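Pasted below: work_34.cif, mmCIF, C-alpha atoms (C1' of nucleotides).
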data_my_file
loop_
_atom_site.label_atom_id
_atom_site.label_comp_id
_atom_site.auth_asym_id
_atom_site.auth_seq_id
_atom_site.Cartn_x
_atom_site.Cartn_y
_atom_site.Cartn_z
CA MET A 1 -6.35 5.11 -97.96
CA SER A 2 -3.00 3.68 -96.99
CA ARG A 3 -2.68 1.22 -94.19
CA PRO A 4 -2.80 2.54 -90.62
CA ASN A 5 0.72 1.16 -90.39
CA ARG A 6 1.10 1.15 -86.64
CA SER A 7 4.64 1.54 -85.36
CA ARG A 8 6.64 -0.15 -88.05
CA PRO A 9 10.39 0.22 -87.46
CA THR A 10 11.05 2.37 -90.51
CA ALA A 11 9.01 5.20 -89.08
CA SER A 12 10.57 4.80 -85.66
CA ILE A 13 14.02 5.63 -86.94
CA ALA A 14 12.98 9.21 -86.25
CA ALA A 15 13.53 8.26 -82.62
CA ALA A 16 17.30 8.13 -83.07
CA PRO A 17 17.94 11.82 -82.24
CA VAL A 18 15.96 11.45 -79.02
CA PHE A 19 17.99 8.41 -78.00
CA ALA A 20 21.16 10.27 -78.88
CA ALA A 21 20.11 13.21 -76.72
CA LEU A 22 19.66 10.83 -73.79
CA GLY A 23 22.94 9.05 -74.48
CA ASP A 24 25.02 11.17 -72.14
CA ALA A 25 25.25 10.96 -68.35
CA THR A 26 25.17 14.73 -67.87
CA ARG A 27 22.05 15.13 -69.96
CA LEU A 28 20.37 12.18 -68.24
CA ALA A 29 20.98 13.92 -64.92
CA LEU A 30 19.44 17.11 -66.29
CA VAL A 31 16.38 15.20 -67.44
CA SER A 32 16.10 13.56 -64.04
CA LYS A 33 16.12 16.96 -62.38
CA LEU A 34 13.66 18.59 -64.76
CA CYS A 35 11.11 15.79 -65.04
CA GLY A 36 10.12 16.58 -61.46
CA GLY A 37 8.17 19.48 -62.87
CA GLN A 38 9.93 22.48 -61.33
CA PRO A 39 11.45 24.78 -63.97
CA ARG A 40 15.06 25.63 -63.26
CA SER A 41 17.52 28.24 -64.50
CA ILE A 42 20.85 27.42 -66.09
CA SER A 43 22.71 28.49 -62.96
CA GLN A 44 20.57 26.23 -60.81
CA LEU A 45 21.16 23.33 -63.15
CA THR A 46 24.89 24.00 -63.18
CA GLU A 47 25.08 24.07 -59.38
CA GLY A 48 25.79 20.42 -58.58
CA SER A 49 27.96 19.73 -61.61
CA ARG A 50 31.70 20.03 -61.99
CA LEU A 51 31.18 21.35 -65.50
CA THR A 52 31.08 24.94 -66.67
CA ARG A 53 27.84 26.84 -67.11
CA GLN A 54 28.52 26.96 -70.84
CA ALA A 55 28.92 23.21 -71.01
CA ILE A 56 25.58 22.77 -69.27
CA THR A 57 24.08 25.30 -71.65
CA LYS A 58 25.24 23.24 -74.62
CA HIS A 59 23.75 20.10 -73.12
CA LEU A 60 20.46 21.90 -72.57
CA GLN A 61 20.43 23.00 -76.19
CA VAL A 62 20.92 19.42 -77.30
CA LEU A 63 17.94 18.40 -75.19
CA GLN A 64 15.97 21.31 -76.59
CA LYS A 65 16.69 20.34 -80.20
CA ALA A 66 15.35 16.89 -79.37
CA ARG A 67 12.28 18.63 -77.89
CA ILE A 68 12.78 16.92 -74.56
CA VAL A 69 13.00 20.33 -72.93
CA HIS A 70 12.16 23.93 -73.72
CA SER A 71 13.22 27.27 -72.28
CA VAL A 72 11.26 30.31 -71.23
CA ARG A 73 12.93 33.61 -70.61
CA SER A 74 12.04 35.20 -67.29
CA GLY A 75 13.86 38.42 -66.54
CA ARG A 76 17.58 37.87 -66.68
CA GLU A 77 17.31 34.11 -66.38
CA SER A 78 16.03 31.48 -68.80
CA LEU A 79 14.05 28.71 -67.19
CA PHE A 80 14.05 25.20 -68.63
CA GLU A 81 11.12 22.85 -68.29
CA PHE A 82 10.52 19.25 -69.21
CA ASP A 83 8.44 18.14 -72.20
CA PRO A 84 7.20 14.51 -72.14
CA LYS A 85 6.22 13.83 -75.75
CA PRO A 86 9.51 12.63 -77.23
CA ILE A 87 10.06 10.28 -74.34
CA ASP A 88 6.61 8.83 -74.80
CA GLU A 89 7.44 8.23 -78.45
CA ILE A 90 10.64 6.33 -77.79
CA LYS A 91 8.82 4.33 -75.14
CA GLN A 92 6.46 3.24 -77.89
CA TYR A 93 9.40 2.14 -80.01
CA LEU A 94 10.90 0.18 -77.11
CA ASP A 95 7.54 -1.45 -76.48
CA PHE A 96 7.49 -2.51 -80.12
CA VAL A 97 10.95 -4.08 -79.76
CA SER A 98 10.05 -5.88 -76.55
CA GLN A 99 6.84 -7.11 -78.06
CA GLN A 100 8.62 -8.53 -81.10
CA TRP A 101 11.02 -10.33 -78.81
CA ASP A 102 8.24 -11.71 -76.61
CA GLN A 103 6.50 -13.10 -79.66
CA THR A 104 9.70 -14.90 -80.52
CA LEU A 105 9.91 -16.38 -77.05
CA SER A 106 6.32 -17.59 -77.11
CA ARG A 107 6.78 -19.13 -80.55
CA LEU A 108 9.86 -20.91 -79.25
CA LYS A 109 7.99 -22.08 -76.18
CA SER A 110 5.08 -23.55 -78.13
CA PHE A 111 7.57 -25.25 -80.43
CA VAL A 112 9.34 -26.92 -77.52
CA GLU A 113 6.06 -27.91 -75.89
CA ASP A 114 4.92 -29.50 -79.12
CA MET B 1 21.72 -3.87 -45.41
CA SER B 2 21.49 -0.75 -47.51
CA ARG B 3 18.18 0.59 -48.66
CA PRO B 4 16.40 -1.19 -51.53
CA ASN B 5 16.80 2.12 -53.33
CA ARG B 6 14.34 1.56 -56.12
CA SER B 7 15.19 3.30 -59.38
CA ARG B 8 16.57 6.60 -58.16
CA PRO B 9 18.05 8.64 -61.00
CA THR B 10 21.65 8.43 -59.80
CA ALA B 11 21.72 4.70 -60.40
CA SER B 12 19.99 5.06 -63.75
CA ILE B 13 22.84 7.10 -65.18
CA ALA B 14 24.29 3.70 -66.05
CA ALA B 15 21.63 3.70 -68.76
CA ALA B 16 23.44 6.40 -70.73
CA PRO B 17 25.61 4.00 -72.79
CA VAL B 18 22.52 2.05 -73.80
CA PHE B 19 20.77 5.21 -74.95
CA ALA B 20 23.92 6.25 -76.81
CA ALA B 21 24.04 2.88 -78.56
CA LEU B 22 20.47 3.42 -79.75
CA GLY B 23 21.14 7.00 -80.80
CA ASP B 24 21.98 6.21 -84.39
CA ALA B 25 19.59 5.42 -87.24
CA THR B 26 21.74 2.59 -88.59
CA ARG B 27 21.93 0.86 -85.23
CA LEU B 28 18.21 1.35 -84.62
CA ALA B 29 17.55 -0.41 -87.91
CA LEU B 30 19.83 -3.27 -86.84
CA VAL B 31 17.97 -3.61 -83.56
CA SER B 32 14.66 -3.61 -85.41
CA LYS B 33 15.87 -6.46 -87.59
CA LEU B 34 17.35 -8.52 -84.78
CA CYS B 35 14.58 -8.15 -82.20
CA GLY B 36 12.45 -10.35 -84.44
CA GLY B 37 14.36 -13.28 -83.02
CA GLN B 38 16.14 -14.67 -86.06
CA PRO B 39 19.95 -14.54 -85.71
CA ARG B 40 21.63 -12.98 -88.73
CA SER B 41 25.16 -12.87 -90.08
CA ILE B 42 27.08 -9.67 -90.74
CA SER B 43 26.65 -10.08 -94.50
CA GLN B 44 22.91 -10.51 -94.11
CA LEU B 45 22.72 -7.43 -91.94
CA THR B 46 24.78 -5.45 -94.44
CA GLU B 47 22.56 -6.48 -97.35
CA GLY B 48 20.00 -3.68 -97.38
CA SER B 49 22.33 -0.91 -96.30
CA ARG B 50 24.40 1.39 -98.45
CA LEU B 51 27.21 1.15 -95.92
CA THR B 52 30.23 -1.12 -95.99
CA ARG B 53 30.34 -4.42 -94.17
CA GLN B 54 33.05 -2.99 -91.93
CA ALA B 55 30.87 -0.05 -91.01
CA ILE B 56 28.04 -2.41 -90.08
CA THR B 57 30.54 -4.48 -88.09
CA LYS B 58 31.52 -1.41 -86.08
CA HIS B 59 27.88 -0.61 -85.37
CA LEU B 60 27.31 -4.18 -84.23
CA GLN B 61 30.26 -3.94 -81.88
CA VAL B 62 28.81 -0.78 -80.36
CA LEU B 63 25.55 -2.62 -79.77
CA GLN B 64 27.47 -5.54 -78.34
CA LYS B 65 29.39 -3.36 -75.87
CA ALA B 66 26.03 -2.06 -74.68
CA ARG B 67 24.92 -5.71 -74.34
CA ILE B 68 21.95 -5.12 -76.61
CA VAL B 69 23.27 -7.84 -78.89
CA HIS B 70 25.74 -10.71 -78.79
CA SER B 71 27.48 -12.77 -81.44
CA VAL B 72 27.98 -16.50 -81.84
CA ARG B 73 30.48 -17.93 -84.29
CA SER B 74 29.07 -20.56 -86.63
CA GLY B 75 31.46 -21.83 -89.23
CA ARG B 76 32.82 -18.96 -91.25
CA GLU B 77 30.09 -16.57 -90.25
CA SER B 78 29.30 -14.89 -86.94
CA LEU B 79 25.64 -14.68 -86.08
CA PHE B 80 24.23 -11.81 -84.05
CA GLU B 81 21.23 -12.17 -81.80
CA PHE B 82 19.18 -9.76 -79.77
CA ASP B 83 19.40 -9.47 -75.98
CA PRO B 84 16.46 -7.78 -74.23
CA LYS B 85 17.82 -6.92 -70.78
CA PRO B 86 19.40 -3.49 -71.42
CA ILE B 87 16.30 -2.30 -73.21
CA ASP B 88 14.15 -3.42 -70.31
CA GLU B 89 16.38 -1.42 -68.00
CA ILE B 90 16.11 1.83 -69.94
CA LYS B 91 12.37 1.27 -70.18
CA GLN B 92 12.35 1.29 -66.40
CA TYR B 93 14.21 4.57 -66.36
CA LEU B 94 11.79 6.12 -68.84
CA ASP B 95 8.88 4.87 -66.76
CA PHE B 96 10.42 6.62 -63.76
CA VAL B 97 10.68 9.87 -65.72
CA SER B 98 7.11 9.64 -67.00
CA GLN B 99 5.86 8.83 -63.54
CA GLN B 100 7.59 11.87 -62.04
CA TRP B 101 6.02 14.04 -64.68
CA ASP B 102 2.58 12.55 -64.19
CA GLN B 103 2.79 13.25 -60.47
CA THR B 104 3.54 16.86 -61.31
CA LEU B 105 0.49 17.03 -63.55
CA SER B 106 -1.80 15.54 -60.94
CA ARG B 107 -0.48 17.90 -58.28
CA LEU B 108 -1.12 20.79 -60.62
CA LYS B 109 -4.60 19.50 -61.37
CA SER B 110 -5.61 19.18 -57.72
CA PHE B 111 -4.22 22.65 -57.09
CA VAL B 112 -6.36 24.15 -59.84
CA GLU B 113 -9.43 22.24 -58.71
CA ASP B 114 -8.96 23.51 -55.20
"C1'" DC C 1 24.49 55.05 -60.43
"C1'" DT C 2 27.25 51.05 -59.53
"C1'" DA C 3 28.02 46.39 -58.55
"C1'" DA C 4 26.73 41.75 -58.79
"C1'" DT C 5 24.17 38.09 -61.21
"C1'" DA C 6 22.63 35.34 -65.28
"C1'" DT C 7 23.09 34.67 -69.70
"C1'" DG C 8 24.69 34.76 -74.78
"C1'" DC C 9 28.14 34.52 -78.27
"C1'" DA C 10 32.41 33.22 -80.39
"C1'" DA C 11 36.93 31.18 -80.81
"C1'" DC C 12 39.48 27.42 -79.80
"C1'" DC C 13 41.09 22.69 -78.60
"C1'" DT C 14 40.97 17.61 -78.38
"C1'" DG C 15 39.32 13.00 -78.80
"C1'" DG C 16 36.59 9.83 -80.63
"C1'" DA C 17 32.52 8.46 -83.81
"C1'" DG C 18 31.55 7.00 -88.27
"C1'" DG C 19 33.17 5.78 -92.51
"C1'" DT C 20 36.43 4.03 -96.10
"C1'" DT C 21 40.15 1.07 -98.30
"C1'" DG C 22 43.42 -2.69 -98.35
"C1'" DC C 23 44.96 -7.03 -97.07
"C1'" DG C 24 45.15 -11.60 -94.80
"C1'" DA C 25 42.95 -15.84 -93.07
"C1'" DA C 26 39.54 -19.34 -92.29
"C1'" DA C 27 35.44 -22.10 -94.18
"C1'" DA C 28 32.67 -23.79 -97.65
"C1'" DG C 29 31.70 -24.90 -102.58
"C1'" DC C 30 32.86 -27.18 -106.74
"C1'" DG D 1 43.16 -28.19 -105.10
"C1'" DC D 2 41.38 -23.84 -106.38
"C1'" DT D 3 37.97 -20.30 -105.87
"C1'" DT D 4 34.38 -17.85 -103.37
"C1'" DT D 5 32.37 -16.23 -99.19
"C1'" DT D 6 32.68 -14.31 -94.87
"C1'" DC D 7 35.02 -12.32 -91.68
"C1'" DG D 8 38.90 -9.76 -88.75
"C1'" DC D 9 42.50 -6.40 -88.34
"C1'" DA D 10 44.72 -2.12 -89.16
"C1'" DA D 11 45.64 2.34 -91.14
"C1'" DC D 12 43.68 6.35 -92.43
"C1'" DC D 13 40.49 10.33 -92.99
"C1'" DT D 14 37.03 13.82 -91.73
"C1'" DC D 15 33.94 15.99 -88.85
"C1'" DC D 16 31.56 17.08 -84.81
"C1'" DA D 17 30.55 16.42 -79.70
"C1'" DG D 18 32.03 17.98 -75.48
"C1'" DG D 19 34.53 21.08 -73.00
"C1'" DT D 20 37.09 25.38 -71.96
"C1'" DT D 21 38.21 30.50 -71.82
"C1'" DG D 22 37.24 35.30 -72.73
"C1'" DC D 23 34.34 38.98 -73.40
"C1'" DA D 24 29.89 41.50 -74.10
"C1'" DT D 25 25.16 42.40 -72.56
"C1'" DA D 26 20.89 42.59 -69.97
"C1'" DT D 27 18.74 42.55 -65.51
"C1'" DT D 28 18.34 42.94 -60.68
"C1'" DA D 29 20.10 44.60 -56.02
"C1'" DG D 30 21.52 48.29 -52.97
#
What is this structure when it is put down as structure tokens?
Amino acid sequence: MSRPNRSRPTASIAAAPVFAALGDATRLALVSKLCGGQPRSISQLTEGSRLTRQAITKHLQVLQKARIVHSVRSGRESLFEFDPKPIDEIKQYLDFVSQQWDQTLSRLKSFVED
Amino acid sequence: MSRPNRSRPTASIAAAPVFAALGDATRLALVSKLCGGQPRSISQLTEGSRLTRQAITKHLQVLQKARIVHSVRSGRESLFEFDPKPIDEIKQYLDFVSQQWDQTLSRLKSFVED
DNA sequence: CTAATATGCAACCTGGAGGTTGCGAAAAGC
DNA sequence: GCTTTTCGCAACCTCCAGGTTGCATATTAG
């Protein structure tokens, strides 16, 4: 069988859409609200913002396409709830990057100490 | 003095530009190359890609504005090297999000067990 | 039933992201 | 000195993200 191939960068390029979804202050604020666990309706999520409900709706759909969030219809309102998997995945990618960099630093250190 | 104010979401909205900088497959590939520690010139970084050198240059400038990378001129070529701080910062934000979610799960668990 | 609430859908606008080409200038090779 | 390399700058193009307004529809309240 092929190598286990743990977290090589080529595969992690799939993380780009998740990063892109988080690359907006409005959407980051939405994630911060929803990761607390309580599902909230679009109107509730619009409440604090100066943006329109439709703008917030579009942002929520971007988050939903990145699977960071999903919606459940309940009566006349659609409730959005947080989904942790994509964020765990990009954390793995960032850990890979940090680890590569730390290896560089330790190689440099042992070279200087030599 | 004002509260220590550890990692509340409002402050972490400053992470949005860093996420945006990582929200592109080309730039993710550049980061993956550079986090290995070896500084590389623009031509070297263009080598594998199907894009133009100027396109790669623009991507590098985006990464540089997000402080994920910085350039040093050396003769006729400008070498880019990785900078770990912004990535550490967004890792902290993601840890905050995961932690919030985990607290929700444990609250739910203790409620069910009750 | 009627009114208020919550949402969906569609058209529209604007700015900037991502990419290209063309040209000029500085460094290095020969 | 002449020729490559390597890069920077600028103009230009296309497309979509982000935002708005307007209207239609379903659901709940009274």
TODO: Find the spatial neighbours of range 77-90 of chain B, counting all atoms listed in the file, within a cut-off of 6 Å - ignore same-chain residues fewer than 4 positions away - and output them as a ChimeraX atom specification.
DONE: /B:15,34-35,39-41,68-73 /D:6
Task: Residues matched by the PyMOL selection byres ((chain A) within 10 of (chain C)) as a ChimeraX atom specification - done: /A:41-43,53-54,57,75-78
Mind fitting chain B onto chain A over all Cα atoms in sequence order and sending the result as a compact mmCIF listing (two decimals) with C-alpha atoms, in the coordinates of the input?
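Saved as out32.txt:
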# COMPACT_ATOMS: atom_id res chain seq x y z
CA MET B 1 -5.92 6.84 -97.52
CA SER B 2 -2.66 5.10 -96.73
CA ARG B 3 -2.49 2.33 -94.20
CA PRO B 4 -2.64 3.24 -90.50
CA ASN B 5 0.82 1.70 -90.37
CA ARG B 6 1.14 1.29 -86.65
CA SER B 7 4.67 1.56 -85.30
CA ARG B 8 6.66 -0.20 -87.98
CA PRO B 9 10.40 0.15 -87.41
CA THR B 10 11.06 2.31 -90.47
CA ALA B 11 9.02 5.14 -89.02
CA SER B 12 10.60 4.72 -85.60
CA ILE B 13 14.05 5.56 -86.92
CA ALA B 14 12.98 9.14 -86.23
CA ALA B 15 13.53 8.18 -82.59
CA ALA B 16 17.30 8.04 -83.05
CA PRO B 17 17.94 11.73 -82.22
CA VAL B 18 15.96 11.37 -79.01
CA PHE B 19 18.00 8.34 -77.97
CA ALA B 20 21.19 10.21 -78.88
CA ALA B 21 20.12 13.15 -76.72
CA LEU B 22 19.68 10.78 -73.78
CA GLY B 23 22.97 9.01 -74.45
CA ASP B 24 25.04 11.14 -72.14
CA ALA B 25 25.27 10.95 -68.34
CA THR B 26 25.18 14.73 -67.90
CA ARG B 27 22.04 15.10 -69.98
CA LEU B 28 20.38 12.15 -68.24
CA ALA B 29 20.99 13.90 -64.93
CA LEU B 30 19.43 17.08 -66.33
CA VAL B 31 16.37 15.16 -67.46
CA SER B 32 16.10 13.53 -64.05
CA LYS B 33 16.11 16.95 -62.41
CA LEU B 34 13.65 18.55 -64.79
CA CYS B 35 11.10 15.74 -65.05
CA GLY B 36 10.13 16.53 -61.47
CA GLY B 37 8.15 19.42 -62.86
CA GLN B 38 9.89 22.43 -61.36
CA PRO B 39 11.40 24.73 -64.03
CA ARG B 40 15.02 25.60 -63.32
CA SER B 41 17.44 28.22 -64.57
CA ILE B 42 20.77 27.42 -66.19
CA SER B 43 22.66 28.51 -63.07
CA GLN B 44 20.53 26.25 -60.90
CA LEU B 45 21.12 23.35 -63.23
CA THR B 46 24.85 24.03 -63.26
CA GLU B 47 25.04 24.13 -59.46
CA GLY B 48 25.79 20.51 -58.64
CA SER B 49 27.93 19.78 -61.66
CA ARG B 50 31.67 20.14 -62.04
CA LEU B 51 31.14 21.42 -65.57
CA THR B 52 30.99 25.00 -66.76
CA ARG B 53 27.74 26.86 -67.22
CA GLN B 54 28.45 26.99 -70.94
CA ALA B 55 28.87 23.24 -71.09
CA ILE B 56 25.53 22.78 -69.33
CA THR B 57 24.01 25.29 -71.75
CA LYS B 58 25.19 23.20 -74.70
CA HIS B 59 23.71 20.06 -73.17
CA LEU B 60 20.42 21.86 -72.64
CA GLN B 61 20.38 22.94 -76.26
CA VAL B 62 20.89 19.34 -77.35
CA LEU B 63 17.91 18.33 -75.23
CA GLN B 64 15.94 21.22 -76.64
CA LYS B 65 16.65 20.24 -80.26
CA ALA B 66 15.32 16.79 -79.39
CA ARG B 67 12.24 18.53 -77.92
CA ILE B 68 12.77 16.82 -74.58
CA VAL B 69 12.97 20.25 -72.97
CA HIS B 70 12.09 23.84 -73.77
CA SER B 71 13.13 27.18 -72.34
CA VAL B 72 11.15 30.24 -71.31
CA ARG B 73 12.81 33.58 -70.68
CA SER B 74 11.94 35.17 -67.35
CA GLY B 75 13.75 38.37 -66.58
CA ARG B 76 17.47 37.83 -66.77
CA GLU B 77 17.24 34.08 -66.48
CA SER B 78 15.94 31.44 -68.87
CA LEU B 79 13.98 28.65 -67.27
CA PHE B 80 13.99 25.14 -68.68
CA GLU B 81 11.07 22.78 -68.35
CA PHE B 82 10.50 19.17 -69.23
CA ASP B 83 8.43 18.02 -72.21
CA PRO B 84 7.19 14.42 -72.13
CA LYS B 85 6.19 13.71 -75.74
CA PRO B 86 9.51 12.53 -77.23
CA ILE B 87 10.08 10.18 -74.33
CA ASP B 88 6.62 8.73 -74.78
CA GLU B 89 7.45 8.12 -78.42
CA ILE B 90 10.67 6.22 -77.76
CA LYS B 91 8.85 4.24 -75.09
CA GLN B 92 6.50 3.13 -77.84
CA TYR B 93 9.42 2.04 -79.96
CA LEU B 94 10.94 0.08 -77.08
CA ASP B 95 7.58 -1.54 -76.43
CA PHE B 96 7.52 -2.62 -80.07
CA VAL B 97 10.98 -4.17 -79.72
CA SER B 98 10.10 -5.97 -76.50
CA GLN B 99 6.88 -7.21 -78.01
CA GLN B 100 8.68 -8.64 -81.04
CA TRP B 101 11.07 -10.43 -78.75
CA ASP B 102 8.31 -11.78 -76.54
CA GLN B 103 6.55 -13.20 -79.58
CA THR B 104 9.76 -14.99 -80.46
CA LEU B 105 9.95 -16.46 -76.97
CA SER B 106 6.37 -17.67 -77.03
CA ARG B 107 6.83 -19.22 -80.46
CA LEU B 108 9.90 -20.99 -79.17
CA LYS B 109 8.03 -22.14 -76.09
CA SER B 110 5.12 -23.63 -78.03
CA PHE B 111 7.60 -25.33 -80.33
CA VAL B 112 9.37 -26.99 -77.42
CA GLU B 113 6.10 -27.98 -75.79
CA ASP B 114 4.95 -29.57 -79.00
Proximity of chain D to chain A: per-residue shortest pair, 10 Å limit, all atoms listed in the file, as JSON lines:
{"residue": "D:DG18", "atom": "C1'", "partner": "A:Ala55", "partner_atom": "CA", "distance": 7.6}
{"residue": "D:DG19", "atom": "C1'", "partner": "A:Ala55", "partner_atom": "CA", "distance": 6.3}
{"residue": "D:DT20", "atom": "C1'", "partner": "A:Thr52", "partner_atom": "CA", "distance": 8.0}
{"residue": "D:DA26", "atom": "C1'", "partner": "A:Arg76", "partner_atom": "CA", "distance": 6.6}
{"residue": "D:DT27", "atom": "C1'", "partner": "A:Arg76", "partner_atom": "CA", "distance": 5.0}
{"residue": "D:DT28", "atom": "C1'", "partner": "A:Arg76", "partner_atom": "CA", "distance": 7.9}
- [ ] Any chance you could resolve the PyMOL selection byres ((chain B) within 10 of (chain A)) against this file and give the residues as number ranges by chain?
- [x] B: 8-10, 12-29, 31-38, 82-85, 87-88, 90-105, 107-108
Open item on the list: Just the number, please: distance in Å from C1' of DC23 in chain D to CA of Lys65 in chain A, one decimal.
Closed with: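 Between C1' of DC23 in chain D and CA of Lys65 in chain A the gap works out to 26.6 Å.
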Open item on the list: I'd like the interatomic distance between C1' of DC15 in chain D and CA of Glu47 in chain B, to a tenth of an Å.
Closed with: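 Atom-to-atom, C1' of DC15 in chain D and CA of Glu47 in chain B are spaced 26.6 Å apart.
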Open item on the list: One decimal, in Å: what's the spacing between CA of Leu30 in chain A and CA of Thr46 in chain A?
Closed with: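 Between CA of Leu30 in chain A and CA of Thr46 in chain A the gap is 9.3 Å.
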